[in-house]
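start_25.csv (CSV, C-alpha atoms and all ligand atoms)
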chain,number,residue,atom,x,y,z
A,1,MET,CA,15.9,-6.2,8.7
A,2,GLU,CA,18.6,-6.8,6.2
A,3,SER,CA,21.8,-4.7,5.9
A,4,SER,CA,22.0,-4.0,9.5
A,5,PHE,CA,24.8,-4.6,12.0
A,6,THR,CA,24.5,-5.4,15.7
A,7,ILE,CA,26.1,-2.9,18.0
A,8,THR,CA,25.2,-4.4,21.4
A,9,ARG,CA,22.8,-6.6,23.3
A,10,ILE,CA,20.5,-5.5,26.0
A,11,ARG,CA,18.7,-8.2,28.1
A,12,GLY,CA,19.6,-10.6,25.3
A,13,ILE,CA,18.0,-8.5,22.6
A,14,PRO,CA,20.4,-7.7,19.7
A,15,ILE,CA,20.4,-3.9,19.0
A,16,GLY,CA,21.0,-3.4,15.3
A,17,VAL,CA,21.7,-0.4,13.2
A,18,HIS,CA,20.6,-0.3,9.6
A,19,TYR,CA,22.8,1.5,7.1
A,20,THR,CA,20.1,4.1,6.4
A,21,TRP,CA,20.4,5.1,10.1
A,22,LEU,CA,23.9,6.5,9.4
A,23,LEU,CA,22.4,8.7,6.6
A,24,ALA,CA,19.7,9.9,9.0
A,25,LEU,CA,22.3,10.7,11.6
A,26,ALA,CA,24.3,12.8,9.1
A,27,LEU,CA,21.2,14.6,7.9
A,28,MET,CA,19.9,15.3,11.4
A,29,SER,CA,23.3,16.5,12.7
A,30,SER,CA,23.8,18.9,9.8
A,31,SER,CA,20.3,20.4,9.8
A,32,LEU,CA,20.5,20.9,13.6
A,33,ALA,CA,24.0,22.4,13.4
A,34,ALA,CA,23.3,24.6,10.4
A,35,GLN,CA,19.7,25.7,11.1
A,36,TYR,CA,18.0,24.7,14.3
A,37,PHE,CA,20.5,25.6,17.0
A,38,PRO,CA,21.7,28.9,15.3
A,39,SER,CA,18.1,30.0,15.4
A,40,THR,CA,17.3,29.0,19.0
A,41,HIS,CA,20.8,29.8,20.4
A,42,PRO,CA,22.5,32.5,18.3
A,43,GLY,CA,26.0,33.7,18.9
A,44,TRP,CA,27.9,30.4,19.4
A,45,PRO,CA,31.2,29.6,17.6
A,46,ARG,CA,30.6,27.4,14.5
A,47,SER,CA,32.3,24.3,16.0
A,48,GLN,CA,30.0,24.4,19.0
A,49,TYR,CA,26.9,24.1,16.7
A,50,TRP,CA,28.4,21.0,15.1
A,51,ILE,CA,29.3,19.3,18.4
A,52,VAL,CA,25.9,20.1,20.0
A,53,GLY,CA,24.1,19.3,16.7
A,54,THR,CA,25.8,15.8,16.5
A,55,LEU,CA,25.1,15.2,20.2
A,56,ALA,CA,21.5,16.1,19.8
A,57,ALA,CA,21.1,13.8,16.8
A,58,LEU,CA,22.7,10.9,18.8
A,59,LEU,CA,20.5,11.7,21.8
A,60,LEU,CA,17.4,11.6,19.5
A,61,PHE,CA,18.4,8.1,18.5
A,62,VAL,CA,18.9,7.2,22.2
A,63,SER,CA,15.4,8.4,22.8
A,64,VAL,CA,14.1,6.2,20.0
A,65,LEU,CA,16.0,3.3,21.4
A,66,LEU,CA,14.5,3.8,24.9
A,67,HIS,CA,11.1,4.0,23.3
A,68,GLU,CA,11.7,0.6,21.5
A,69,LEU,CA,13.2,-0.9,24.7
A,70,THR,CA,10.0,-0.2,26.6
A,71,HIS,CA,8.0,-2.1,23.9
A,72,SER,CA,10.5,-5.0,24.2
A,73,PHE,CA,10.6,-5.1,28.0
A,74,VAL,CA,6.8,-5.2,28.3
A,75,ALA,CA,6.7,-7.9,25.6
A,76,GLN,CA,9.2,-10.0,27.5
A,77,ALA,CA,7.2,-9.4,30.7
A,78,ARG,CA,4.1,-10.8,28.9
A,79,GLY,CA,6.1,-13.8,27.9
A,80,LEU,CA,6.6,-12.8,24.2
A,81,LYS,CA,10.0,-13.4,22.6
A,82,VAL,CA,11.8,-10.3,21.3
A,83,HIS,CA,14.1,-11.1,18.3
A,84,SER,CA,15.8,-7.8,17.8
A,85,ILE,CA,15.6,-4.0,17.8
A,86,THR,CA,16.7,-2.2,14.6
A,87,LEU,CA,17.3,1.5,14.2
A,88,PHE,CA,16.8,2.8,10.7
A,89,ILE,CA,16.1,6.0,8.8
A,90,PHE,CA,12.5,6.4,10.0
A,91,GLY,CA,13.2,5.6,13.6
A,92,GLY,CA,13.2,2.2,15.3
A,93,VAL,CA,11.4,-1.1,15.0
A,94,SER,CA,11.1,-3.9,17.6
A,95,ASN,CA,10.9,-7.4,16.1
A,96,ILE,CA,8.6,-9.1,18.5
A,97,GLN,CA,7.1,-12.6,18.2
A,98,SER,CA,4.0,-11.9,16.2
A,99,ASP,CA,1.7,-14.8,17.1
A,100,SER,CA,0.4,-13.5,20.4
A,101,GLU,CA,-3.1,-14.9,21.0
A,102,ASP,CA,-4.1,-12.1,23.3
A,103,PRO,CA,-5.2,-8.6,22.3
A,104,GLN,CA,-4.3,-7.4,25.9
A,105,ASP,CA,-0.6,-8.2,25.2
A,106,GLU,CA,-0.7,-6.2,22.0
A,107,PHE,CA,-2.4,-3.3,23.7
A,108,LEU,CA,0.1,-3.1,26.5
A,109,VAL,CA,3.2,-3.6,24.3
A,110,ALA,CA,2.0,-0.9,21.9
A,111,VAL,CA,0.8,1.7,24.4
A,112,VAL,CA,4.0,1.9,26.5
A,113,GLY,CA,6.0,3.2,23.5
A,114,PRO,CA,4.3,6.6,23.2
A,115,LEU,CA,4.0,6.8,27.0
A,116,SER,CA,7.8,6.3,27.4
A,117,SER,CA,8.4,9.1,24.9
A,118,LEU,CA,6.0,11.3,26.8
A,119,VAL,CA,7.9,10.6,30.1
A,120,ILE,CA,11.2,11.4,28.5
A,121,ALA,CA,9.8,14.6,27.1
A,122,GLY,CA,8.5,15.5,30.6
A,123,LEU,CA,11.8,14.9,32.2
A,124,CYS,CA,13.7,16.9,29.6
A,125,TRP,CA,11.2,19.7,30.0
A,126,LEU,CA,11.8,19.8,33.8
A,127,GLY,CA,15.5,19.9,33.2
A,128,TYR,CA,15.0,22.7,30.6
A,129,GLN,CA,12.9,24.7,33.1
A,130,ALA,CA,15.5,24.2,35.9
A,131,VAL,CA,17.9,26.6,34.2
A,132,PRO,CA,15.8,29.4,32.8
A,133,GLY,CA,17.3,31.9,30.5
A,134,SER,CA,20.5,29.9,30.1
A,135,THR,CA,22.1,30.0,26.6
A,136,GLY,CA,24.5,27.1,27.1
A,137,PRO,CA,24.6,23.7,25.3
A,138,ALA,CA,22.9,21.8,28.1
A,139,ASN,CA,19.9,24.1,27.9
A,140,ALA,CA,19.9,23.8,24.1
A,141,LEU,CA,20.0,20.0,24.2
A,142,LEU,CA,17.2,19.7,26.8
A,143,GLY,CA,15.1,22.2,24.9
A,144,TYR,CA,15.4,20.2,21.7
A,145,LEU,CA,15.0,16.8,23.4
A,146,TRP,CA,11.7,17.6,25.2
A,147,LEU,CA,10.2,18.9,22.0
A,148,ILE,CA,11.4,16.0,19.8
A,149,ASN,CA,10.2,13.4,22.3
A,150,LEU,CA,6.9,15.1,22.5
A,151,MET,CA,6.7,14.9,18.7
A,152,LEU,CA,7.7,11.2,18.8
A,153,ALA,CA,4.9,10.5,21.2
A,154,LEU,CA,2.3,12.4,19.1
A,155,PHE,CA,3.5,10.8,15.8
A,156,ASN,CA,3.4,7.3,17.2
A,157,ILE,CA,0.0,7.6,18.8
A,158,LEU,CA,-1.6,8.4,15.4
A,159,PRO,CA,-4.0,5.5,14.7
A,160,GLY,CA,-2.2,4.4,11.5
A,161,PHE,CA,-1.1,0.8,11.7
A,162,PRO,CA,1.9,-0.1,12.0
A,163,LEU,CA,2.4,2.9,14.2
A,164,ASP,CA,1.8,2.3,17.9
A,165,GLY,CA,-1.5,4.1,17.8
A,166,GLY,CA,-2.6,1.7,15.0
A,167,ARG,CA,-1.6,-1.3,17.1
A,168,VAL,CA,-3.6,0.0,20.0
A,169,LEU,CA,-6.5,0.4,17.6
A,170,ARG,CA,-6.0,-3.1,16.3
A,171,ALA,CA,-5.9,-4.5,19.9
A,172,ILE,CA,-9.2,-2.7,20.7
A,173,LEU,CA,-10.9,-3.9,17.5
A,174,TRP,CA,-9.5,-7.4,18.1
A,175,GLY,CA,-10.7,-7.4,21.7
A,176,THR,CA,-14.2,-6.2,20.9
A,177,SER,CA,-14.8,-8.3,17.8
A,178,GLY,CA,-13.0,-11.3,19.1
A,179,SER,CA,-11.2,-11.7,15.7
A,180,MET,CA,-7.6,-10.9,15.1
A,181,VAL,CA,-8.1,-10.9,11.4
A,182,LYS,CA,-11.0,-8.5,11.5
A,183,GLY,CA,-9.1,-6.2,13.9
A,184,THR,CA,-6.1,-6.2,11.6
A,185,ARG,CA,-8.1,-5.6,8.5
A,186,TRP,CA,-9.8,-2.5,9.9
A,187,ALA,CA,-6.7,-1.2,11.6
A,188,THR,CA,-4.6,-1.5,8.5
A,189,TYR,CA,-7.4,0.3,6.4
A,190,VAL,CA,-7.3,3.2,8.9
A,191,GLY,CA,-3.4,2.9,8.7
A,192,GLN,CA,-3.6,3.3,4.9
A,193,ALA,CA,-5.9,6.3,5.2
A,194,VAL,CA,-3.4,8.0,7.6
A,195,ALA,CA,-0.6,7.1,5.2
A,196,PHE,CA,-2.4,8.7,2.2
A,197,GLY,CA,-2.9,11.7,4.5
A,198,PHE,CA,0.9,11.9,4.9
A,199,ILE,CA,1.4,11.5,1.1
A,200,GLY,CA,-1.1,14.3,0.4
A,201,TRP,CA,0.5,16.6,2.9
A,202,GLY,CA,3.9,15.8,1.4
A,203,VAL,CA,2.7,16.7,-2.1
A,204,LEU,CA,1.2,20.0,-0.8
A,205,GLN,CA,4.6,20.9,0.8
A,206,VAL,CA,6.3,20.2,-2.6
A,207,PHE,CA,3.8,22.6,-4.2
A,208,GLU,CA,4.7,25.2,-1.6
A,209,ARG,CA,8.3,24.7,-2.7
A,210,ASP,CA,9.4,23.0,0.5
A,211,PHE,CA,10.8,20.1,-1.5
A,212,LEU,CA,12.9,18.3,1.1
A,213,ASN,CA,10.2,18.3,3.8
A,214,GLY,CA,7.6,17.3,1.3
A,215,LEU,CA,9.7,14.4,0.0
A,216,TRP,CA,10.4,13.3,3.6
A,217,ILE,CA,6.7,13.4,4.6
A,218,GLY,CA,5.7,11.7,1.4
A,219,PHE,CA,8.2,8.9,2.0
A,220,ILE,CA,6.9,8.3,5.5
A,221,GLY,CA,3.4,8.0,4.0
A,222,TRP,CA,4.6,5.6,1.4
A,223,PHE,CA,6.5,3.5,4.1
A,224,LEU,CA,3.4,3.4,6.3
A,225,ASN,CA,1.1,2.4,3.4
A,226,SER,CA,3.3,-0.5,2.3
A,227,ALA,CA,3.7,-1.7,5.9
A,228,ALA,CA,0.0,-1.7,6.5
A,229,GLU,CA,-0.8,-3.5,3.3
A,230,ALA,CA,1.9,-6.1,3.9
A,231,THR,CA,0.6,-6.8,7.4
A,232,ARG,CA,-3.0,-7.3,6.2
A,233,ARG,CA,-1.8,-9.7,3.5
A,234,GLN,CA,0.3,-11.7,5.9
A,235,VAL,CA,-2.5,-12.0,8.5
A,236,GLU,CA,-5.0,-13.0,5.8
A,237,ALA,CA,-2.6,-15.6,4.5
A,238,GLN,CA,-2.1,-17.0,8.0
A,239,GLU,CA,-5.9,-17.3,8.3
A,240,THR,CA,-5.9,-19.7,5.3
A,241,PHE,CA,-3.7,-22.0,7.5
A,242,ARG,CA,-5.8,-21.8,10.6
A,243,GLY,CA,-6.8,-25.2,12.1
A,244,ILE,CA,-4.8,-27.1,9.5
A,245,THR,CA,-2.3,-29.5,11.0
A,246,VAL,CA,1.0,-30.8,9.6
A,247,ALA,CA,-0.5,-34.4,9.5
A,248,ARG,CA,-3.0,-33.3,6.8
A,249,VAL,CA,-0.3,-32.0,4.5
A,250,MET,CA,2.7,-34.2,5.0
A,251,GLN,CA,3.8,-37.1,2.9
A,252,ALA,CA,2.8,-39.9,5.2
A,253,ASN,CA,4.8,-43.1,5.6
A,254,PRO,CA,7.6,-42.0,3.3
A,255,PRO,CA,9.8,-44.9,2.0
A,256,MET,CA,13.0,-45.2,4.1
A,257,VAL,CA,16.3,-45.8,2.5
A,258,SER,CA,19.4,-47.5,3.8
A,259,PRO,CA,22.6,-45.6,4.3
A,260,ALA,CA,24.4,-48.2,2.2
A,261,LEU,CA,22.3,-47.4,-0.9
A,262,PRO,CA,24.4,-46.1,-3.8
A,263,VAL,CA,23.4,-42.5,-4.7
A,264,ARG,CA,22.7,-43.5,-8.4
A,265,GLU,CA,20.2,-46.0,-7.2
A,266,LEU,CA,18.6,-43.5,-4.9
A,267,VAL,CA,18.1,-41.2,-7.9
A,268,ASP,CA,16.8,-43.8,-10.3
A,269,GLU,CA,14.6,-45.9,-7.9
A,270,TYR,CA,13.4,-43.4,-5.4
A,271,ILE,CA,13.6,-39.8,-6.5
A,272,LEU,CA,12.8,-40.1,-10.2
A,273,ARG,CA,10.4,-43.1,-9.9
A,274,ARG,CA,8.4,-41.9,-6.9
A,275,GLY,CA,8.7,-38.2,-7.5
A,276,LEU,CA,9.7,-37.4,-3.9
A,277,ARG,CA,12.5,-35.0,-2.9
A,278,ALA,CA,13.3,-36.3,0.6
A,279,PHE,CA,13.6,-39.7,2.3
A,280,PRO,CA,14.4,-40.6,5.9
A,281,VAL,CA,17.6,-42.7,6.1
A,282,ALA,CA,17.2,-45.7,8.5
A,283,ARG,CA,19.5,-48.4,9.8
A,284,ASP,CA,17.8,-51.3,11.6
A,285,GLY,CA,14.6,-49.3,11.8
A,286,LEU,CA,16.4,-46.4,13.4
A,287,VAL,CA,16.5,-43.0,11.6
A,288,VAL,CA,20.1,-41.9,11.2
A,289,GLY,CA,19.6,-39.0,8.7
A,290,LEU,CA,17.7,-37.4,5.9
A,291,ILE,CA,18.6,-37.5,2.3
A,292,THR,CA,17.3,-34.8,0.1
A,293,LEU,CA,17.4,-33.7,-3.5
A,294,SER,CA,19.7,-30.8,-2.6
A,295,ASP,CA,22.2,-33.2,-0.9
A,296,VAL,CA,22.3,-35.2,-4.2
A,297,LYS,CA,22.7,-32.0,-6.3
A,298,HIS,CA,25.8,-31.1,-4.4
A,299,LEU,CA,27.5,-34.3,-5.6
A,300,PRO,CA,28.8,-34.3,-9.2
A,301,VAL,CA,27.0,-36.9,-11.4
A,302,GLU,CA,30.3,-38.8,-12.0
A,303,GLN,CA,30.5,-39.6,-8.3
A,304,TRP,CA,26.9,-41.0,-8.0
A,305,ASP,CA,28.0,-44.6,-8.4
A,306,ALA,CA,30.9,-44.4,-6.0
A,307,ASN,CA,29.1,-42.8,-3.1
A,308,THR,CA,26.4,-44.0,-0.8
A,309,VAL,CA,23.5,-42.2,0.8
A,310,GLY,CA,25.2,-42.4,4.2
A,311,ALA,CA,28.1,-40.3,2.9
A,312,ILE,CA,26.1,-37.3,1.7
A,313,MET,CA,22.9,-37.4,3.8
A,314,THR,CA,22.0,-34.6,6.2
A,315,LYS,CA,23.0,-35.9,9.6
A,316,PRO,CA,21.3,-35.2,13.0
A,317,PRO,CA,20.2,-33.0,14.6
A,318,LEU,CA,17.4,-32.9,12.1
A,319,LYS,CA,14.7,-30.3,12.1
A,320,THR,CA,11.5,-32.0,13.2
A,321,VAL,CA,7.9,-31.1,13.9
A,322,GLY,CA,5.0,-33.0,15.5
A,323,PRO,CA,2.0,-34.2,13.3
A,324,GLY,CA,-0.4,-32.1,15.4
A,325,ALA,CA,1.5,-28.9,15.0
A,326,GLU,CA,-0.2,-26.1,13.1
A,327,LEU,CA,0.9,-25.8,9.5
A,328,ARG,CA,1.6,-22.1,10.1
A,329,LYS,CA,4.2,-22.9,12.8
A,330,ALA,CA,5.8,-25.5,10.5
A,331,LEU,CA,6.0,-23.0,7.7
A,332,ASP,CA,7.6,-20.5,10.1
A,333,LEU,CA,10.1,-23.2,11.0
A,334,LEU,CA,10.9,-24.0,7.3
A,335,VAL,CA,11.6,-20.3,6.7
A,336,THR,CA,13.5,-19.4,9.8
A,337,GLU,CA,15.6,-22.6,9.8
A,338,ASP,CA,16.1,-22.1,6.0
A,339,VAL,CA,15.4,-25.8,5.2
A,340,ASN,CA,13.3,-27.4,2.5
A,341,GLN,CA,11.8,-30.1,4.6
A,342,LEU,CA,11.0,-31.2,8.1
A,343,LEU,CA,10.8,-34.7,9.6
A,344,VAL,CA,7.4,-35.3,11.1
A,345,VAL,CA,8.1,-37.2,14.3
A,346,GLU,CA,5.9,-38.5,17.2
A,347,ASP,CA,7.2,-40.5,20.2
A,348,GLY,CA,10.5,-41.1,18.3
A,349,ALA,CA,8.8,-42.6,15.3
A,350,VAL,CA,9.0,-41.0,11.9
A,351,LEU,CA,5.4,-40.5,10.5
A,352,GLY,CA,6.2,-38.4,7.5
A,353,VAL,CA,8.1,-35.7,5.7
A,354,LEU,CA,6.8,-32.1,5.3
A,355,SER,CA,8.4,-30.2,2.5
A,356,ARG,CA,7.9,-26.6,1.2
A,357,GLY,CA,6.6,-28.3,-2.0
A,358,ASP,CA,3.9,-30.1,0.0
A,359,VAL,CA,2.7,-26.9,1.5
A,360,MET,CA,2.7,-25.1,-1.9
A,361,ARG,CA,0.8,-28.1,-3.5
A,362,PHE,CA,-1.7,-28.1,-0.7
A,363,LEU,CA,-2.3,-24.3,-1.1
A,364,GLN,CA,-2.7,-24.6,-4.8
A,365,MET,CA,-5.2,-27.4,-4.5
A,366,ARG,CA,-7.3,-25.4,-2.0
A,367,HIS,CA,-7.2,-22.5,-4.3
A,368,ASP,CA,-8.2,-24.5,-7.3
A,369,LEU,CA,-11.1,-26.0,-5.3
A,370,GLY,CA,-12.2,-22.5,-4.2
A,371,LEU,CA,-11.7,-23.3,-0.5
A,372,ASP,CA,-9.6,-20.2,0.3
A,373,ARG,CA,-12.2,-17.6,-0.7
A,401,ZN,ZN,6.7,2.5,19.3
Whole structure, structure tokens version:
Amino acid sequence: MESSFTITRIRGIPIGVHYTWLLALALMSSSLAAQYFPSTHPGWPRSQYWIVGTLAALLLFVSVLLHELTHSFVAQARGLKVHSITLFIFGGVSNIQSDSEDPQDEFLVAVVGPLSSLVIAGLCWLGYQAVPGSTGPANALLGYLWLINLMLALFNILPGFPLDGGRVLRAILWGTSGSMVKGTRWATYVGQAVAFGFIGWGVLQVFERDFLNGLWIGFIGWFLNSAAEATRRQVEAQETFRGITVARVMQANPPMVSPALPVRELVDEYILRRGLRAFPVARDGLVVGLITLSDVKHLPVEQWDANTVGAIMTKPPLKTVGPGAELRKALDLLVTEDVNQLLVVEDGAVLGVLSRGDVMRFLQMRHDLGLDR
């Protein structure tokens, strides 16, 4: 998630905080201090409400973090990579490697989240019961925490993808139908239905003049709806790539250029004449770099005659991919490494170049031929 800063790392997982989280923290603290605690625990000095209110809001986010950490730990235990956890205004999100091939992984990773919130709620409830009739801050905090964690568990178990309950539903549909795409399609439709339920509920609240609550609930619905739709689109797009290997899309046997070649000549004889954007640079048959259109663009035109390819090329380590790799994986690599092309290498030999343009052209051709319907 953009605009977030990392506060710490737990088991190698960066824990990030999005700037909207600060807004949520301020809103939560003030509503707890001004309304909630004065109603449940009357008679405190004003400053105490603010201290306990802020503490309660922080502990709510600790609860959310614990919930996300259980998702992440189970994911790690199942051999999935966890990229990060981010806290933001609607709670938390674990960024877990998404190409799991196993519905059981998805089921377990999803189901432990609400369970962890239930366990936290139970522990806080026990603590709350241990000191009956107390009117102190500890009692107030425990009373709030068991309730809010119970609500977290109940909210997350709703079958609306991308909520945990929706992921559980997807895992079950995926497991029974044997198709991840089908499971995702149905789980996201149900997710959108739940999202519209939230939006409708929000509108009702606004009509009943509870504007802030109505707006909040409506926003949650809007957020869930767009997340469900985006996931369905993404999974369907990935499906177009299924079974297609890099070798089918790459530019095979690209012309190699010498590092001693003047840049001007590269532009005239190779880039413009052949219409290619990237060439492996080889000396005595050994690849020593990659020269691309963007390397050339960074050099002013006046200097094209005086410079050679070797001076401006992208030097190793170069991003490479095998010819048998799935196109989907290669595309992921292009995006995550933020490069425009990959060298296709097998047993140390360069077989081709795969660029973003090649992938786009391939998709366009398939579309024009009606193969992606
Ligand atoms: Zn969760």
Environment of ligand ZN 401 (chain A) within 6 Å, counting all atoms listed in the file, reported as a list in words: Glu68, Gly113 and Asp164 of chain A
Residues from the last selection, C-alpha atoms, saved as a short mmCIF file (atom, residue, chain, number, x, y, z; two decimals), in the frame of the given file:
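The resulting file, selection24.cif, is reproduced below:
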data_model
loop_
_atom_site.label_atom_id
_atom_site.label_comp_id
_atom_site.auth_asym_id
_atom_site.auth_seq_id
_atom_site.Cartn_x
_atom_site.Cartn_y
_atom_site.Cartn_z
CA GLU A 68 11.70 0.60 21.50
CA GLY A 113 6.00 3.20 23.50
CA ASP A 164 1.80 2.30 17.90
#
Selected residue of minimal separation from Pro137 (chain A) among A:Leu59, A:Leu343, A:Leu80, A:Ile51, counting only C-alpha atoms: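 The answer is A:Ile51, which sits nearest to Pro137 (chain A).
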Distance in Å - CA of Leu299 (chain A) versus CA of Glu265 (chain A):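 Computing it gives 13.9 Å between the two atoms.
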Using all atoms listed in the file: which of A:Val93, A:Ala237, A:Arg366, A:Thr320 has the shortest distance to His18 (chain A):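 Smallest distance to His18 (chain A) is found for A:Val93.
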Spatial neighbours of Met250 (chain A), max dist 9 Å, all atoms listed in the file, sep filter under 2 positions, as a PyMOL selection string: chain A and resi 246-248+252+323+344+351-355+358-359
Protein/DNA/RNA residues near (29.6, 23.7, 15.0), cut 10 Å, all atoms listed in the file, as a ChimeraX atom specification: /A:29-30,32-34,37-38,44-54
Minimum-distance residue to Val287 (chain A), chosen among A:Ala349, A:Lys329, A:Val339, A:Glu239 (using all atoms listed in the file):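 Using all atoms listed in the file, Val287 (chain A) sits closest to A:Ala349.
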For Ser84 (chain A), the nearest of the candidates A:Gly127, A:Pro132, A:Pro14, A:Pro42, counting all atoms listed in the file: A:Pro14
Counting only C-alpha atoms, the option among A:Arg328, A:Arg209, A:His41, A:His367 closest to Gln234 (chain A):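 Of A:Arg328, A:Arg209, A:His41, A:His367, the one nearest Gln234 (chain A) is A:Arg328, counting only C-alpha atoms.
Atom to atom, CA of Val111 (chain A) and CA of Arg9 (chain A) stand 23.5 Å apart.
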Selection as an MDAnalysis selection string: residues within 9 Å of (-3.1, -1.4, 20.3), counting all atoms listed in the file: chainID A and resid 103:111 159 164:173
Separation of CA of Phe5 (chain A) from CA of Ala227 (chain A) in Å: 22.2 Å
Nearest candidate to Ala325 (chain A) (options A:Gln76, A:Ser31, A:Thr245, A:Gln364; using only C-alpha atoms): A:Thr245
Please identify every residue of region 75-102 of chain A that has at least one atom no farther than 10 Å from an atom of region 177-188 of chain A, counting all atoms listed in the file, and for each give the shortest atom pair and the distance in Å to one decimal, arranged by chain then increasing number, as CSV.
residue,atom,partner,partner_atom,distance
A:Ser100,CA,A:Met180,CA,9.9
A:Glu101,CA,A:Met180,CA,8.4
A:Asp102,CA,A:Met180,CA,9.0
As AutoDock Vina command-line options, what would the box around region 230-240 of chain A look like: edges along x, y and z, 3 Å added on every side, centre and edge lengths in Å to one decimal?
--center_x -2.0 --center_y -12.9 --center_z 6.0 --size_x 13.8 --size_y 19.6 --size_z 11.0
Near-Thr86 (chain A) list (12 Å; all atoms listed in the file; drop same-chain fewer than 4 positions) as JSON, numbers by chain: {"A": [1, 2, 3, 4, 5, 6, 7, 8, 9, 13, 14, 15, 16, 17, 18, 19, 20, 21, 61, 64, 65, 68, 69, 72, 82, 90, 91, 92, 93, 94, 95, 96]}
